[in-house]
2 protein chains.
Amino acid sequence: MTAKVNRQWCLATRPVGAIAESNFNWKQELVPSLEEGQILVRNIYLSLDPTNRGWLDERGNYLPPVGIGEVMRGVGIGVVEQSRNAKFPEGTFVQGLLGWQDYAISNGTDGTNLSELPKDPSVPLAAYLGLFGFIGITAYFGLLDIGKPKVGETLVVSGAAGAVGSLVGQIGKIKGCRVVGIAGSEEKCRWLKDELGFDAAINYKTESVLESLQQHCPNGIDVYFENVGGEILDAVLSLINLRARIALCGLISQYNAIKPVPGPHNLINLVYKRAKLEGFLSLDYFDRAQEALADLGEWYAQGKIQYRVDMIEGLENAPSAINKLFDGTNQGKLIIKVSEE
Amino acid sequence: MTAKVNRQWCLATRPVGAIAESNFNWKQELVPSLEEGQILVRNIYLSLDPTNRGWLDERGNYLPPVGIGEVMRGVGIGVVEQSRNAKFPEGTFVQGLLGWQDYAISNGTDGTNLSELPKDPSVPLAAYLGLFGFIGITAYFGLLDIGKPKVGETLVVSGAAGAVGSLVGQIGKIKGCRVVGIAGSEEKCRWLKDELGFDAAINYKTESVLESLQQHCPNGIDVYFENVGGEILDAVLSLINLRARIALCGLISQYNAIKPVPGPHNLINLVYKRAKLEGFLSLDYFDRAQEALADLGEWYAQGKIQYRVDMIEGLENAPSAINKLFDGTNQGKLIIKVSEE
């Protein structure tokens with residue numbers, strides 16, 4: 001057996017504003033021999049997500065921050081190449097917090113949170129980082145469990161062309177809502193309307209979001225799925241209906257902020273409209289994942305849901321690629337291909 | 001019968017910032033004869049509440065704005081002095097939107113929303129504008145239905161010495177919570193701790209709210225009853241626990257603002273903590289009022305709830321008195337005494 005080299009992106013300094021490659025050190029080390037109970041996972045796909053940015057801040061978010069010197073945390077999919085653990089034999093495909101590296105060593109019960117992936121030849125492996133993974137779970141439960149849309153209601157989604165947002169809008173259509181998406185380019189807006197069946201799409205970079213929402217939501221807004229924050233949240237709050245539900249998934253407009261960003265000016269509308277703003281995380285729904293995956297699988301098979309992946313080749317590109325999430329140049333679920341399946 | 005004079009405060013101009021007496025015209029007119037179906041109510045007590053401020057803004061709040069030239073809207077208690085309506089015989093005590101005036105004429109089904117008050121000699125009439133009225137209902141359902149406190153949890157209340165806040169904290173103690181109040185003077189803080197049994201009270205005018213909350217909420221914050229907004233909401237959001245509930249009753253710090261006031265900087269904590277911020281109005285609970293009033297009555301009789309009223313004599317003082325709510329100089333439920341019982 002030849003020695004394997006493990007290339008790793010390790011946190012060097014905490015970003016101030018946008019992530020820079022200089023925030024990481026590129027290390028190469030030999031993969032050590034396994035101890036009893038351990039497995040060696042060769043990483044294949046690495047998921048890049050807005051929430052990763054919060055893991056780099058000193059205060060962390062819902063997870064503690066990545067420590068200086070540690071391998072950058074990331075959800076990935078890999079295959080077990082060596083095993084001294086009967087639960088994960090060689091050749092098993094797994095998902096977990098494998099990190100920004102070529103190889104991860106785990107005992108199956110540590111912080112990598114490993115789970116075995118089902119063997120379904122009809123599902124592309126990378127889809128477990130998207131439609132059939134935590135992205136699908138986020139969209140499904142965030143919309144249905146927090147947003148609780150009813151037939152005929154108006155649903156607005158920000159970050160609508162993103163991995164989560166594009167699913168939310170399509171699920172909203174399946175559930176009988178009028179769906180209005182907010183995205184950052186004409187191409188994205190066309191995709192939402194022409195391909196995904198959104199009733200309307202607003203380009204927040206060229207339109208007044210408030211005026212366009214007024215135009216496209218003549219009956220007000222009943223459900224808002226929030227990925228962005230800032231002025232968009234303000235505009236939506238001014239148009240919510242009685243007992244509106246705002247599912248707070250993320251506030252990507254703030255993640256790179258250097259100074260604290262003020263919240264919306266008209267929170268008081270939550271009182272006037274007896275409305276709620278509720279945060280959630282997909283990980284709280286992992287025990288109900290099968291509900292989501294069964295529906296999503298059926299809708300996908302019926303052609304009711306489309307999904308796109310923005311695949312970037314090469315672990316070395318992770319620190320630069322992640323900024324595509326923040327400048328809006330990604331076209332679908334952003335994934336790094338680390339090695340061949 | 002001698003002609004009765006009806007003195008009225010009518011809206012002249014919309015306030016910019018704090019309410020000024022010059023925003024109203026003081027009119028005196030003769031009370032007209034009743035038509036069939038009408039009653040004449042002599043106003044006795046007039047409730048002054050933070051929400052009145054929103055009724056003066058051009059956009060209104062949950063009610064349409066008071067029109068220029070119209071009698072200022074206000075909840076009051078009065079007695080039927082003349083009746084041509086069998087449902088409301090002379091001598092009946094009623095509550096409703098009687099307005100800032102000596103006399104109101106109603107047909108019992110119009111916008112005054114009249115309801116007959118129970119005849120209970122043990123209850124002071126003014127209490128129906130407080131503990132046994134919409135103030136009690138607001139505190140009771142806002143805390144129990146939205147905040148859902150559990151035994152041993154930490155409840156924080158802003159505007160804690162106000163009419164609603166002081167009840168919220170006491171109900172929180174009855175329900176077994178650690179209760180921390182935020183108020184605007186040493187006297188109020190002493191009252192909360194020494195008389196009402198709050199576990200701690202923070203004077204936001206002299207203390208760092210964030211540091212004091214950290215000190216007094218060593219286990220974090222599970223329920224927050226919000227009357228104020230601004231920096232206090234920001235401080236609370238930074239200390240909320242997993243699945244915290246924020247009952248949004250009001251944001252009095254903003255009602256007199258001339259420019260839009262930014263919201264909290266750390267709404268994202270609602271995601272990290274899977275927490276919710278939910279607005280409510282007492283009027284949604286009027287059909288369940290008896291639940292609240294039965295419990296409040298029992299607790300009051302048992303000496304578990306105290307309540308204070310700040311009674312101002314004279315309708316002529318309404319426009320100046322209402323500002324006591326905004327500068328914090330009121331000492332309990334603010335009520336104008338319009339005439340003798």
# chains A, B, ... in the order shown; residues from 1 in each chain; ligands from 1
call {"tool": "interface_residues", "arguments": {"of": "chain B", "to": "chain A", "cutoff": "10 Å", "atoms": "only C-alpha atoms", "output": "ChimeraX atom specification"}}
result
/B:60-63,229,234,242-243,245-252,254-255,259-281,284
call {"tool": "select_by_dssp", "arguments": {"residues": "region 149-234 of chain A", "states": "alpha helix (DSSP H)", "output": "PyMOL selection string"}}
result
chain A and resi 163-174+186-190+209-216+231-234
call {"tool": "closest_residue", "arguments": {"among": "A:Thr51, A:Ser238, A:Gln38, A:Gln170", "to": "Asn107 (chain A)", "atoms": "only C-alpha atoms"}}
result
A:Gln38
call {"tool": "select_by_dssp", "arguments": {"residues": "region 120-157 of chain B", "states": "strand (DSSP E)", "output": "ChimeraX atom specification"}}
result
/B:154-157
call {"tool": "write_last_selection", "arguments": {"atoms": "C-alpha atoms", "output": "PDB file, in the first residue's frame"}}
result
ATOM      1  CA  THR B 154     -36.497  32.296  32.959  1.00  0.00           C
ATOM      2  CA  LEU B 155     -38.968  34.980  31.907  1.00  0.00           C
ATOM      3  CA  VAL B 156     -37.846  38.502  31.047  1.00  0.00           C
ATOM      4  CA  VAL B 157     -40.375  41.349  30.773  1.00  0.00           C
TER       5      VAL B 157
END
call {"tool": "residues_around", "arguments": {"residues": "Pro64 (chain A)", "least_positions_apart": "2", "cutoff": "12 Å", "atoms": "only C-alpha atoms", "output": "PyMOL selection string"}}
result
(chain A and resi 52+54-62+66-67+73+111) or (chain B and resi 272)
call {"tool": "residues_around", "arguments": {"residues": "region 15-17 of chain A", "least_positions_apart": "5", "cutoff": "6 Å", "atoms": "only C-alpha atoms", "output": "list in words"}}
result
Asn256, Ala257 and Ile258 of chain A
call {"tool": "residues_around", "arguments": {"residues": "Pro50 (chain B)", "least_positions_apart": "6", "cutoff": "12 Å", "atoms": "only C-alpha atoms", "output": "JSON, numbers by chain"}}
result
{"B": [18, 19, 56, 61, 74, 135, 159, 162, 163, 164, 227, 228, 249, 250, 251, 252, 253, 254, 255, 256, 321, 322, 323, 324, 325, 326, 327, 328, 330, 333, 334]}
call {"tool": "write_last_selection", "arguments": {"atoms": "N, CA and C atoms", "output": "short mmCIF file (atom, residue, chain, number, x, y, z; two decimals), in the first residue's frame"}}
result
data_model
loop_
_atom_site.label_atom_id
_atom_site.label_comp_id
_atom_site.auth_asym_id
_atom_site.auth_seq_id
_atom_site.Cartn_x
_atom_site.Cartn_y
_atom_site.Cartn_z
N ALA B 18 -43.63 63.11 19.54
CA ALA B 18 -44.54 62.98 20.67
C ALA B 18 -45.86 63.71 20.40
N ILE B 19 -46.91 63.23 21.04
CA ILE B 19 -48.21 63.88 20.94
C ILE B 19 -48.16 65.24 21.64
N LEU B 56 -52.96 57.43 15.61
CA LEU B 56 -52.82 58.80 15.13
C LEU B 56 -51.96 58.90 13.88
N ASN B 61 -52.66 51.33 12.65
CA ASN B 61 -51.92 50.13 13.06
C ASN B 61 -52.83 48.94 12.74
N GLY B 74 -60.76 56.18 21.86
CA GLY B 74 -60.25 55.72 23.13
C GLY B 74 -61.23 54.76 23.77
N ILE B 135 -56.25 44.83 29.57
CA ILE B 135 -54.88 44.78 30.08
C ILE B 135 -54.60 43.39 30.67
N GLY B 159 -40.77 46.92 29.95
CA GLY B 159 -41.92 47.72 30.37
C GLY B 159 -42.55 47.07 31.59
N GLY B 162 -45.11 48.68 33.82
CA GLY B 162 -46.31 49.16 33.15
C GLY B 162 -47.52 48.30 33.48
N ALA B 163 -48.66 48.72 32.96
CA ALA B 163 -49.92 48.04 33.30
C ALA B 163 -49.86 46.57 32.90
N VAL B 164 -49.43 46.30 31.68
CA VAL B 164 -49.36 44.92 31.21
C VAL B 164 -48.15 44.20 31.83
N ASN B 227 -42.40 44.67 25.35
CA ASN B 227 -43.23 45.87 25.25
C ASN B 227 -42.48 47.06 24.68
N VAL B 228 -41.17 46.95 24.53
CA VAL B 228 -40.33 48.14 24.35
C VAL B 228 -39.57 48.17 23.03
N CYS B 249 -45.66 42.21 22.20
CA CYS B 249 -46.88 42.93 22.59
C CYS B 249 -46.84 44.35 22.05
N GLY B 250 -45.67 44.96 22.11
CA GLY B 250 -45.53 46.33 21.63
C GLY B 250 -44.07 46.72 21.56
N LEU B 251 -43.82 47.87 20.94
CA LEU B 251 -42.46 48.39 20.80
C LEU B 251 -42.51 49.88 21.11
N ILE B 252 -42.82 50.19 22.38
CA ILE B 252 -43.14 51.58 22.71
C ILE B 252 -41.97 52.52 22.43
N SER B 253 -40.75 52.02 22.44
CA SER B 253 -39.60 52.89 22.19
C SER B 253 -39.64 53.49 20.79
N GLN B 254 -40.46 52.94 19.92
CA GLN B 254 -40.47 53.43 18.53
C GLN B 254 -41.70 54.25 18.16
N TYR B 255 -42.70 54.27 19.01
CA TYR B 255 -43.97 54.85 18.56
C TYR B 255 -43.89 56.34 18.26
N ASN B 256 -42.99 57.04 18.95
CA ASN B 256 -42.86 58.47 18.70
C ASN B 256 -41.74 58.79 17.72
N ALA B 321 -51.52 64.04 29.43
CA ALA B 321 -51.31 62.86 30.27
C ALA B 321 -50.80 61.66 29.48
N ILE B 322 -51.22 61.55 28.24
CA ILE B 322 -50.84 60.34 27.49
C ILE B 322 -49.32 60.23 27.34
N ASN B 323 -48.64 61.37 27.36
CA ASN B 323 -47.18 61.30 27.21
C ASN B 323 -46.48 60.68 28.42
N LYS B 324 -47.20 60.55 29.53
CA LYS B 324 -46.61 59.86 30.68
C LYS B 324 -46.25 58.42 30.32
N LEU B 325 -46.99 57.85 29.37
CA LEU B 325 -46.68 56.47 28.95
C LEU B 325 -45.34 56.41 28.23
N PHE B 326 -45.01 57.50 27.55
CA PHE B 326 -43.81 57.48 26.71
C PHE B 326 -42.57 57.99 27.43
N ASP B 327 -42.79 58.86 28.45
CA ASP B 327 -41.61 59.29 29.21
C ASP B 327 -41.46 58.47 30.50
N GLY B 328 -42.36 57.53 30.69
CA GLY B 328 -42.20 56.59 31.80
C GLY B 328 -42.58 57.14 33.15
N ASN B 330 -45.64 57.50 34.26
CA ASN B 330 -46.87 56.91 34.83
C ASN B 330 -46.53 55.87 35.87
N LYS B 333 -51.52 51.65 35.58
CA LYS B 333 -52.45 51.83 34.47
C LYS B 333 -52.94 53.26 34.41
N LEU B 334 -52.72 53.90 33.28
CA LEU B 334 -53.06 55.32 33.13
C LEU B 334 -54.52 55.47 32.71
#
call {"tool": "residues_around", "arguments": {"residues": "region 87-97 of chain B", "least_positions_apart": "6", "cutoff": "6 Å", "atoms": "only C-alpha atoms", "output": "list in words"}}
result
Gly74, Val75, Gly76, Ile77, Gly78, Val79, Val80, Glu81, Thr112, Asn113, Leu114, Ser115, Glu116 and Leu117 of chain B
call {"tool": "atom_distance", "arguments": {"atom1": "CA of Ser83 (chain B)", "atom2": "CA of Phe286 (chain B)"}}
result
26.1 Å
call {"tool": "residues_around", "arguments": {"residues": "Gly332 (chain A)", "least_positions_apart": "2", "cutoff": "12 Å", "atoms": "only C-alpha atoms", "output": "PyMOL selection string"}}
result
chain A and resi 47-49+127+129-131+135+159-167+188+191-192+306-312+324-325+328-330+334-335
call {"tool": "write_last_selection", "arguments": {"atoms": "N, CA and C atoms", "output": "tab-separated table (two decimals), in the first residue's frame"}}
result
chain	number	residue	atom	x	y	z
A	47	SER	N	-19.92	19.85	0.33
A	47	SER	CA	-21.01	20.83	0.22
A	47	SER	C	-20.54	22.19	0.72
A	48	LEU	N	-20.77	23.22	-0.07
A	48	LEU	CA	-20.49	24.59	0.38
A	48	LEU	C	-21.83	25.29	0.62
A	49	ASP	N	-21.98	25.87	1.81
A	49	ASP	CA	-23.28	26.42	2.23
A	49	ASP	C	-23.09	27.73	2.97
A	127	ALA	N	-26.69	14.15	-5.13
A	127	ALA	CA	-28.03	14.60	-4.74
A	127	ALA	C	-28.26	14.47	-3.24
A	129	LEU	N	-26.39	15.59	-1.12
A	129	LEU	CA	-26.02	16.89	-0.54
A	129	LEU	C	-27.03	17.97	-0.94
A	130	GLY	N	-28.07	17.58	-1.66
A	130	GLY	CA	-29.01	18.58	-2.15
A	130	GLY	C	-30.43	18.14	-1.94
A	131	LEU	N	-31.08	17.86	-3.04
A	131	LEU	CA	-32.50	17.50	-3.01
A	131	LEU	C	-32.81	16.40	-2.01
A	135	ILE	N	-30.55	19.87	2.28
A	135	ILE	CA	-31.15	20.98	1.53
A	135	ILE	C	-32.64	20.71	1.33
A	159	GLY	N	-33.79	34.59	-1.90
A	159	GLY	CA	-32.77	33.62	-2.30
A	159	GLY	C	-33.41	32.52	-3.12
A	160	ALA	N	-34.36	32.91	-3.97
A	160	ALA	CA	-35.27	31.95	-4.59
A	160	ALA	C	-34.59	31.04	-5.60
A	161	ALA	N	-33.46	31.47	-6.15
A	161	ALA	CA	-32.76	30.62	-7.11
A	161	ALA	C	-31.69	29.78	-6.43
A	162	GLY	N	-31.56	29.93	-5.13
A	162	GLY	CA	-30.59	29.14	-4.39
A	162	GLY	C	-31.05	27.71	-4.21
A	163	ALA	N	-30.18	26.91	-3.61
A	163	ALA	CA	-30.47	25.49	-3.46
A	163	ALA	C	-31.76	25.27	-2.67
A	164	VAL	N	-31.89	25.95	-1.55
A	164	VAL	CA	-33.08	25.79	-0.72
A	164	VAL	C	-34.27	26.53	-1.33
A	165	GLY	N	-34.06	27.80	-1.70
A	165	GLY	CA	-35.15	28.63	-2.18
A	165	GLY	C	-35.86	28.06	-3.40
A	166	SER	N	-35.09	27.49	-4.32
A	166	SER	CA	-35.72	26.97	-5.54
A	166	SER	C	-36.63	25.79	-5.21
A	167	LEU	N	-36.26	25.00	-4.22
A	167	LEU	CA	-37.13	23.91	-3.80
A	167	LEU	C	-38.36	24.43	-3.07
A	188	LYS	N	-31.64	34.18	-13.44
A	188	LYS	CA	-32.27	33.43	-12.35
A	188	LYS	C	-33.79	33.63	-12.36
A	191	TRP	N	-35.36	31.61	-15.05
A	191	TRP	CA	-35.37	30.19	-14.67
A	191	TRP	C	-36.52	29.90	-13.70
A	192	LEU	N	-36.70	30.78	-12.73
A	192	LEU	CA	-37.77	30.58	-11.75
A	192	LEU	C	-39.14	30.56	-12.42
A	306	GLN	N	-37.57	20.41	-10.13
A	306	GLN	CA	-36.28	20.43	-10.81
A	306	GLN	C	-35.23	20.91	-9.83
A	307	TYR	N	-34.00	20.64	-10.21
A	307	TYR	CA	-32.94	20.91	-9.26
A	307	TYR	C	-31.66	21.11	-10.04
A	308	ARG	N	-30.87	22.13	-9.69
A	308	ARG	CA	-29.58	22.22	-10.38
A	308	ARG	C	-28.42	22.28	-9.41
A	309	VAL	N	-27.31	21.77	-9.88
A	309	VAL	CA	-26.10	21.66	-9.07
A	309	VAL	C	-25.01	22.46	-9.76
A	310	ASP	N	-24.30	23.23	-8.98
A	310	ASP	CA	-23.15	23.98	-9.49
A	310	ASP	C	-21.90	23.27	-8.96
A	311	MET	N	-21.30	22.43	-9.81
A	311	MET	CA	-20.20	21.56	-9.38
A	311	MET	C	-18.87	22.19	-9.75
A	312	ILE	N	-18.04	22.41	-8.75
A	312	ILE	CA	-16.71	22.98	-8.95
A	312	ILE	C	-15.69	21.86	-8.75
A	324	LYS	N	-19.05	32.38	-4.12
A	324	LYS	CA	-20.13	32.40	-5.11
A	324	LYS	C	-21.50	32.45	-4.43
A	325	LEU	N	-21.58	31.89	-3.22
A	325	LEU	CA	-22.85	31.94	-2.48
A	325	LEU	C	-23.21	33.36	-2.07
A	328	GLY	N	-23.67	35.70	-5.31
A	328	GLY	CA	-24.84	35.29	-6.10
A	328	GLY	C	-24.48	34.69	-7.45
A	329	THR	N	-23.22	34.34	-7.70
A	329	THR	CA	-22.85	33.81	-9.02
A	329	THR	C	-23.03	32.29	-9.10
A	330	ASN	N	-23.38	31.65	-7.99
A	330	ASN	CA	-23.63	30.20	-8.08
A	330	ASN	C	-24.94	29.95	-8.83
A	334	LEU	N	-24.15	24.47	-4.55
A	334	LEU	CA	-22.71	24.57	-4.76
A	334	LEU	C	-21.99	23.38	-4.11
A	335	ILE	N	-21.26	22.66	-4.93
A	335	ILE	CA	-20.57	21.45	-4.47
A	335	ILE	C	-19.16	21.42	-5.04
